[in-house]
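Undergrad: Structure file input28.csv (CSV, C-alpha atoms and all ligand atoms) is given on the next line.
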```csv
chain,number,residue,atom,x,y,z
A,134,MET,CA,-10.4,7.0,12.2
A,135,ASN,CA,-8.7,3.6,11.4
A,136,VAL,CA,-8.3,2.5,7.8
A,137,ILE,CA,-7.0,-0.3,5.7
A,138,LEU,CA,-5.9,0.8,2.2
A,139,LEU,CA,-5.6,-2.0,-0.4
A,140,GLY,CA,-4.1,-1.6,-3.8
A,141,PRO,CA,-1.6,-3.5,-6.0
A,142,PRO,CA,2.0,-2.3,-6.4
A,143,GLY,CA,2.1,0.5,-8.9
A,144,ALA,CA,-1.4,1.7,-8.3
A,145,GLY,CA,-0.2,4.7,-6.3
A,146,LYS,CA,-1.1,3.4,-2.8
A,147,GLY,CA,1.9,4.9,-1.2
A,148,THR,CA,1.1,8.4,-2.6
A,149,GLN,CA,-2.5,8.1,-1.4
A,150,ALA,CA,-1.5,6.8,2.1
A,151,LYS,CA,0.9,9.8,2.4
A,152,ARG,CA,-1.9,12.2,1.6
A,153,LEU,CA,-4.2,10.6,4.1
A,154,GLU,CA,-1.5,10.9,6.8
A,155,GLU,CA,-1.3,14.6,6.1
A,156,LYS,CA,-4.9,15.4,5.7
A,157,TYR,CA,-6.4,13.3,8.5
A,158,GLY,CA,-3.4,13.1,10.9
A,159,LEU,CA,-3.2,9.3,10.5
A,160,THR,CA,-0.1,7.2,10.9
A,161,GLN,CA,0.7,4.5,8.4
A,162,LEU,CA,1.5,1.2,10.0
A,163,ALA,CA,3.3,-0.9,7.4
A,164,THR,CA,4.1,-4.5,8.3
A,165,GLY,CA,7.7,-4.5,7.2
A,166,ASP,CA,8.5,-1.2,8.9
A,167,MET,CA,6.8,-2.3,12.2
A,168,LEU,CA,8.8,-5.5,12.3
A,169,ARG,CA,12.1,-3.6,11.6
A,170,ALA,CA,11.3,-0.9,14.2
A,171,GLU,CA,10.3,-3.3,16.9
A,172,ARG,CA,13.4,-5.5,16.3
A,173,ALA,CA,15.7,-2.4,16.4
A,174,SER,CA,14.1,-1.2,19.7
A,175,GLY,CA,15.4,-4.2,21.6
A,176,SER,CA,12.1,-4.6,23.5
A,177,ALA,CA,11.0,-8.0,24.7
A,178,LEU,CA,8.6,-8.2,21.7
A,179,GLY,CA,11.4,-7.0,19.4
A,180,LYS,CA,13.7,-9.8,20.6
A,181,GLN,CA,10.9,-12.3,20.0
A,182,VAL,CA,10.5,-10.9,16.4
A,183,GLN,CA,14.3,-11.2,15.9
A,184,ALA,CA,14.4,-14.8,17.0
A,185,ILE,CA,11.6,-15.7,14.6
A,186,MET,CA,13.1,-13.8,11.7
A,187,ASP,CA,16.6,-15.2,12.4
A,188,SER,CA,15.3,-18.7,12.4
A,189,GLY,CA,13.9,-18.1,8.9
A,190,ARG,CA,10.3,-18.6,10.0
A,191,LEU,CA,7.4,-16.4,9.2
A,192,VAL,CA,6.2,-14.1,12.0
A,193,ASP,CA,3.1,-15.8,13.4
A,194,ASP,CA,-0.3,-14.1,13.6
A,195,ALA,CA,-0.2,-13.7,17.4
A,196,THR,CA,3.2,-12.0,17.3
A,197,MET,CA,2.0,-9.7,14.5
A,198,ILE,CA,-1.1,-8.8,16.4
A,199,ALA,CA,1.0,-8.0,19.5
A,200,LEU,CA,3.2,-5.9,17.4
A,201,ILE,CA,0.3,-3.9,15.9
A,202,ALA,CA,-1.2,-3.5,19.3
A,203,SER,CA,2.0,-2.1,20.7
A,204,ARG,CA,2.3,0.4,17.8
A,205,ILE,CA,-1.3,1.5,18.3
A,206,ASP,CA,-0.7,2.1,22.0
A,207,LYS,CA,2.1,4.5,21.0
A,208,LEU,CA,-0.1,6.6,18.6
A,209,GLY,CA,-1.8,8.4,21.6
A,210,GLY,CA,-5.3,8.0,20.2
A,211,LYS,CA,-4.4,9.0,16.6
A,212,GLY,CA,-5.9,6.9,13.8
A,213,PHE,CA,-3.9,4.6,11.6
A,214,ILE,CA,-3.7,3.2,8.0
A,215,LEU,CA,-2.8,-0.4,8.2
A,216,ASP,CA,-0.7,-1.7,5.3
A,217,GLY,CA,0.3,-5.3,4.6
A,218,PHE,CA,-2.0,-6.9,7.3
A,219,PRO,CA,-4.3,-8.8,7.4
A,220,ARG,CA,-4.0,-11.2,4.6
A,221,THR,CA,-6.2,-14.1,5.8
A,222,VAL,CA,-9.6,-14.2,7.5
A,223,PRO,CA,-8.2,-15.5,10.8
A,224,GLN,CA,-5.9,-12.6,10.8
A,225,ALA,CA,-8.7,-10.2,10.1
A,226,GLU,CA,-10.7,-11.7,13.0
A,227,ALA,CA,-7.8,-11.5,15.4
A,228,LEU,CA,-7.3,-7.9,14.4
A,229,ASP,CA,-10.9,-7.1,15.1
A,230,ALA,CA,-10.7,-8.8,18.5
A,231,MET,CA,-7.6,-6.9,19.5
A,232,LEU,CA,-9.1,-3.6,18.4
A,233,ALA,CA,-12.3,-4.3,20.2
A,234,HIS,CA,-10.3,-5.0,23.4
A,235,LYS,CA,-8.9,-1.5,23.1
A,236,GLY,CA,-12.4,0.0,22.4
A,237,LEU,CA,-11.4,0.6,18.8
A,238,LYS,CA,-12.5,-0.6,15.4
A,239,LEU,CA,-11.7,-0.4,11.7
A,240,ASP,CA,-13.8,2.3,10.1
A,241,HIS,CA,-13.1,1.8,6.5
A,242,VAL,CA,-11.4,-0.7,4.2
A,243,ILE,CA,-10.7,1.0,0.9
A,244,GLU,CA,-9.8,-1.1,-2.2
A,245,MET,CA,-8.2,0.7,-5.1
A,246,ALA,CA,-9.6,-1.3,-7.9
A,247,VAL,CA,-7.4,-1.5,-11.0
A,248,ASP,CA,-7.6,-3.1,-14.4
A,249,GLU,CA,-4.7,-5.4,-14.8
A,250,ALA,CA,-4.1,-4.8,-18.5
A,251,ALA,CA,-4.3,-1.0,-18.1
A,252,LEU,CA,-2.0,-1.1,-15.1
A,253,VAL,CA,0.6,-3.2,-17.0
A,254,ALA,CA,0.4,-0.6,-19.9
A,255,ARG,CA,0.7,2.3,-17.5
A,256,LEU,CA,3.8,0.9,-15.7
A,257,ALA,CA,5.5,-0.5,-18.9
A,258,GLY,CA,5.4,3.0,-20.5
A,259,ARG,CA,7.3,4.7,-17.7
A,260,PHE,CA,10.9,5.9,-18.2
A,261,THR,CA,13.2,8.2,-16.3
A,262,CYS,CA,16.1,10.5,-17.2
A,263,VAL,CA,19.3,9.0,-16.0
A,264,LYS,CA,20.9,12.3,-15.1
A,265,CYS,CA,18.1,14.4,-13.4
A,266,GLY,CA,15.5,11.7,-12.6
A,267,ALA,CA,12.7,13.5,-14.5
A,268,SER,CA,9.9,10.9,-15.3
A,269,TYR,CA,8.2,10.4,-18.6
A,270,HIS,CA,5.7,8.1,-20.2
A,271,ASP,CA,5.4,6.6,-23.7
A,272,THR,CA,1.8,7.7,-24.2
A,273,ASN,CA,0.9,10.1,-21.4
A,274,HIS,CA,4.0,12.3,-21.1
A,275,ARG,CA,6.6,12.2,-23.8
A,276,PRO,CA,9.6,14.6,-23.8
A,277,LYS,CA,8.9,17.7,-26.0
A,278,VAL,CA,11.7,16.6,-28.3
A,279,ASP,CA,11.8,12.9,-28.8
A,280,GLY,CA,14.7,11.3,-26.9
A,281,VAL,CA,15.8,14.5,-25.1
A,282,CYS,CA,15.1,15.2,-21.4
A,283,ASP,CA,13.0,18.4,-21.1
A,284,VAL,CA,14.7,19.4,-17.9
A,285,CYS,CA,18.4,18.7,-18.5
A,286,GLY,CA,18.8,17.9,-22.2
A,287,THR,CA,20.3,14.4,-21.5
A,288,ARG,CA,19.6,11.7,-24.1
A,289,ASP,CA,19.9,8.8,-21.6
A,290,PHE,CA,16.8,7.2,-20.1
A,291,VAL,CA,16.2,4.2,-18.0
A,292,ARG,CA,13.3,1.9,-17.4
A,293,ARG,CA,12.8,0.0,-14.1
A,294,ALA,CA,13.0,-3.8,-14.3
A,295,ASP,CA,10.0,-3.7,-11.9
A,296,ASP,CA,7.9,-2.0,-14.5
A,297,ARG,CA,8.3,-4.7,-17.2
A,298,PRO,CA,5.0,-6.4,-18.0
A,299,GLU,CA,6.1,-9.8,-16.7
A,300,ALA,CA,7.2,-8.3,-13.4
A,301,VAL,CA,4.0,-6.3,-13.0
A,302,LYS,CA,1.9,-9.4,-13.7
A,303,ILE,CA,3.8,-11.4,-11.0
A,304,ARG,CA,3.2,-8.6,-8.4
A,305,PHE,CA,-0.4,-8.2,-9.4
A,306,GLU,CA,-1.0,-11.9,-9.0
A,307,ALA,CA,0.6,-11.9,-5.6
A,308,TYR,CA,-1.6,-9.0,-4.6
A,309,ARG,CA,-4.7,-10.7,-5.8
A,310,LYS,CA,-3.9,-13.8,-3.8
A,311,GLN,CA,-3.2,-11.8,-0.7
A,312,THR,CA,-6.4,-9.6,-0.8
A,313,ALA,CA,-8.9,-12.0,-2.3
A,314,PRO,CA,-9.6,-13.9,0.9
A,315,ILE,CA,-10.2,-10.8,3.1
A,316,LEU,CA,-12.4,-8.8,0.7
A,317,PRO,CA,-15.6,-10.9,1.4
A,318,TYR,CA,-14.9,-10.7,5.1
A,319,TYR,CA,-14.9,-6.9,5.1
A,320,ARG,CA,-17.7,-6.7,2.6
A,321,GLY,CA,-19.8,-8.8,5.0
A,322,LYS,CA,-19.1,-6.2,7.7
A,323,LYS,CA,-20.2,-3.4,5.3
A,324,ILE,CA,-17.0,-1.4,5.7
A,325,LEU,CA,-15.4,-2.3,2.3
A,326,GLU,CA,-15.5,0.4,-0.3
A,327,THR,CA,-14.0,0.5,-3.7
A,328,VAL,CA,-12.5,3.4,-5.5
A,329,ASP,CA,-11.4,3.6,-9.1
A,330,GLY,CA,-7.6,3.2,-8.8
A,331,MET,CA,-7.1,3.9,-12.6
A,332,ALA,CA,-8.3,7.5,-12.3
A,333,ASP,CA,-5.6,10.2,-12.0
A,334,ILE,CA,-3.9,10.7,-8.6
A,335,ASP,CA,-6.0,13.7,-7.5
A,336,ASP,CA,-9.2,12.1,-8.6
A,337,VAL,CA,-8.4,8.9,-6.6
A,338,THR,CA,-7.7,11.2,-3.5
A,339,ARG,CA,-11.1,12.8,-4.0
A,340,GLN,CA,-12.8,9.5,-4.2
A,341,ILE,CA,-11.1,8.3,-1.0
A,342,GLU,CA,-12.0,11.5,0.8
A,343,THR,CA,-15.6,11.0,-0.2
A,344,VAL,CA,-15.5,7.5,1.4
A,345,LEU,CA,-14.0,8.9,4.6
A,346,LYS,CA,-16.6,11.7,5.1
B,401,ZN,ZN,17.0,15.0,-17.3
```
As a first step, turn the structure in this file into structure tokens.
TA:
Amino acid sequence: MNVILLGPPGAGKGTQAKRLEEKYGLTQLATGDMLRAERASGSALGKQVQAIMDSGRLVDDATMIALIASRIDKLGGKGFILDGFPRTVPQAEALDAMLAHKGLKLDHVIEMAVDEAALVARLAGRFTCVKCGASYHDTNHRPKVDGVCDVCGTRDFVRRADDRPEAVKIRFEAYRKQTAPILPYYRGKKILETVDGMADIDDVTRQIETVLK
């Protein structure tokens, strides 16, 4: 089974991908990781990737497709979750052609739909204990005693800069720009399905599992 999982940063895509890897024996193929791994391997393709990256250019579609093809060959028939590619219709078409050449196809494209305002509120409310790392939330999960960590009693908490509303909005906009072009393509192929990414983590997992059945 071969899957693309789409979701904005902060929607819990990483958690869901990990669960899919465990439950279905899939391997996550994330664009950045693949580029780094191939580059480090010193293969001919890795040297090509290195030359492109060192020159400051973006890795072109043909190289990216070759990279994904090479990773798929190493999976020994196991399925994959593709992350970070494709982002344009020509990339999606090239991916389909490459997979077809191997006798493979994409089975599901799953979009974790989120409400931007709700996501902003969810992320902006997060804070973490400086000492033990316990995580809390302004509305969903406050410490039992205000301002005191339940776990270690520390009174120092930190909020991630990434979780600030302005930062979340920028990442959300980038995500929307990257996914908007490919959604109609996969909808047209009838493999796009949408789950409610605002539900709690376990519920999202159940929705995804229903799609994959
Ligand atoms: Zn603590």
Undergrad: Can you pull out the residues contacting A:Ala254? Cut-off 12 Å, using all atoms listed in the file, and skip same-chain residues under 6 positions away; I want them as a list in words.
TA: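 Near neighbours after the sequence-gap exclusion: Gly143, Ala144, Val247, Asp248, His270, Asp271, Thr272, Asn273, Asp296, Arg297, Pro298, Glu299, Val301, Lys302 and Met331 of chain A.
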Undergrad: Collect all residues with atoms no farther than 6 Å from ligand ZN 401 (chain B), counting all atoms listed in the file, and output them as a tab-separated table (two decimals) with C-alpha atoms, in the frame of the given file.
TA:
```tsv
chain	number	residue	atom	x	y	z
A	262	CYS	CA	16.10	10.50	-17.20
A	264	LYS	CA	20.90	12.30	-15.10
A	265	CYS	CA	18.10	14.40	-13.40
A	266	GLY	CA	15.50	11.70	-12.60
A	267	ALA	CA	12.70	13.50	-14.50
A	282	CYS	CA	15.10	15.20	-21.40
A	284	VAL	CA	14.70	19.40	-17.90
A	285	CYS	CA	18.40	18.70	-18.50
A	286	GLY	CA	18.80	17.90	-22.20
A	287	THR	CA	20.30	14.40	-21.50
```
Undergrad: Measure the distance from atom CA of A:Leu232 to atom CA of A:Asp187 in Å and round it to one decimal.
TA: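 These atoms are spaced 28.8 Å apart.
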Undergrad: I want to know what sits within 12 Å of stretch 234-238 of chain A, based on only C-alpha atoms, with residues of the same chain fewer than 3 positions away left out; could you give that as a PDB file with C-alpha atoms, in the frame of the given file?
TA:
```pdb
ATOM      1  CA  MET A 134     -10.400   7.000  12.200  1.00  0.00           C
ATOM      2  CA  ASN A 135      -8.700   3.600  11.400  1.00  0.00           C
ATOM      3  CA  VAL A 136      -8.300   2.500   7.800  1.00  0.00           C
ATOM      4  CA  ILE A 137      -7.000  -0.300   5.700  1.00  0.00           C
ATOM      5  CA  ILE A 201       0.300  -3.900  15.900  1.00  0.00           C
ATOM      6  CA  ALA A 202      -1.200  -3.500  19.300  1.00  0.00           C
ATOM      7  CA  SER A 203       2.000  -2.100  20.700  1.00  0.00           C
ATOM      8  CA  ILE A 205      -1.300   1.500  18.300  1.00  0.00           C
ATOM      9  CA  ASP A 206      -0.700   2.100  22.000  1.00  0.00           C
ATOM     10  CA  GLY A 210      -5.300   8.000  20.200  1.00  0.00           C
ATOM     11  CA  LYS A 211      -4.400   9.000  16.600  1.00  0.00           C
ATOM     12  CA  GLY A 212      -5.900   6.900  13.800  1.00  0.00           C
ATOM     13  CA  PHE A 213      -3.900   4.600  11.600  1.00  0.00           C
ATOM     14  CA  ALA A 225      -8.700 -10.200  10.100  1.00  0.00           C
ATOM     15  CA  GLU A 226     -10.700 -11.700  13.000  1.00  0.00           C
ATOM     16  CA  ALA A 227      -7.800 -11.500  15.400  1.00  0.00           C
ATOM     17  CA  LEU A 228      -7.300  -7.900  14.400  1.00  0.00           C
ATOM     18  CA  ASP A 229     -10.900  -7.100  15.100  1.00  0.00           C
ATOM     19  CA  ALA A 230     -10.700  -8.800  18.500  1.00  0.00           C
ATOM     20  CA  MET A 231      -7.600  -6.900  19.500  1.00  0.00           C
ATOM     21  CA  HIS A 241     -13.100   1.800   6.500  1.00  0.00           C
ATOM     22  CA  VAL A 242     -11.400  -0.700   4.200  1.00  0.00           C
ATOM     23  CA  LYS A 322     -19.100  -6.200   7.700  1.00  0.00           C
ATOM     24  CA  ILE A 324     -17.000  -1.400   5.700  1.00  0.00           C
TER      25      ILE A 324
END
```
Undergrad: Counting all atoms listed in the file, find the residues whose atoms lie at most 12 Å from (-5.0, 15.3, 7.1) (file coordinates) and write them out as a ChimeraX atom specification.
TA: /A:134,149-160,211-213,338,342,345
Undergrad: Do you have the atom CA of A:Glu326-atom CA of A:Gly140 distance handy?
TA: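 Separation of atom CA of A:Glu326 and atom CA of A:Gly140: 12.1 Å.
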Undergrad: Figure out the distance between atom CA of A:Lys323 and atom CA of A:Lys146, please, to one decimal in Å.
TA: 21.8 Å
Undergrad: Quick one: residues within 12 Å of A:Pro142, only C-alpha atoms, excluding same-chain residues fewer than 6 positions away - as a list in words?
TA: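 Listing them by chain and then by number gives Thr148, Gly217, Met245, Ala246, Val247, Glu249, Leu252, Val253, Leu256, Asp295, Asp296, Ala300, Val301, Lys302, Ile303, Arg304, Phe305, Glu306, Ala307, Tyr308, Arg309 and Gly330 of chain A.
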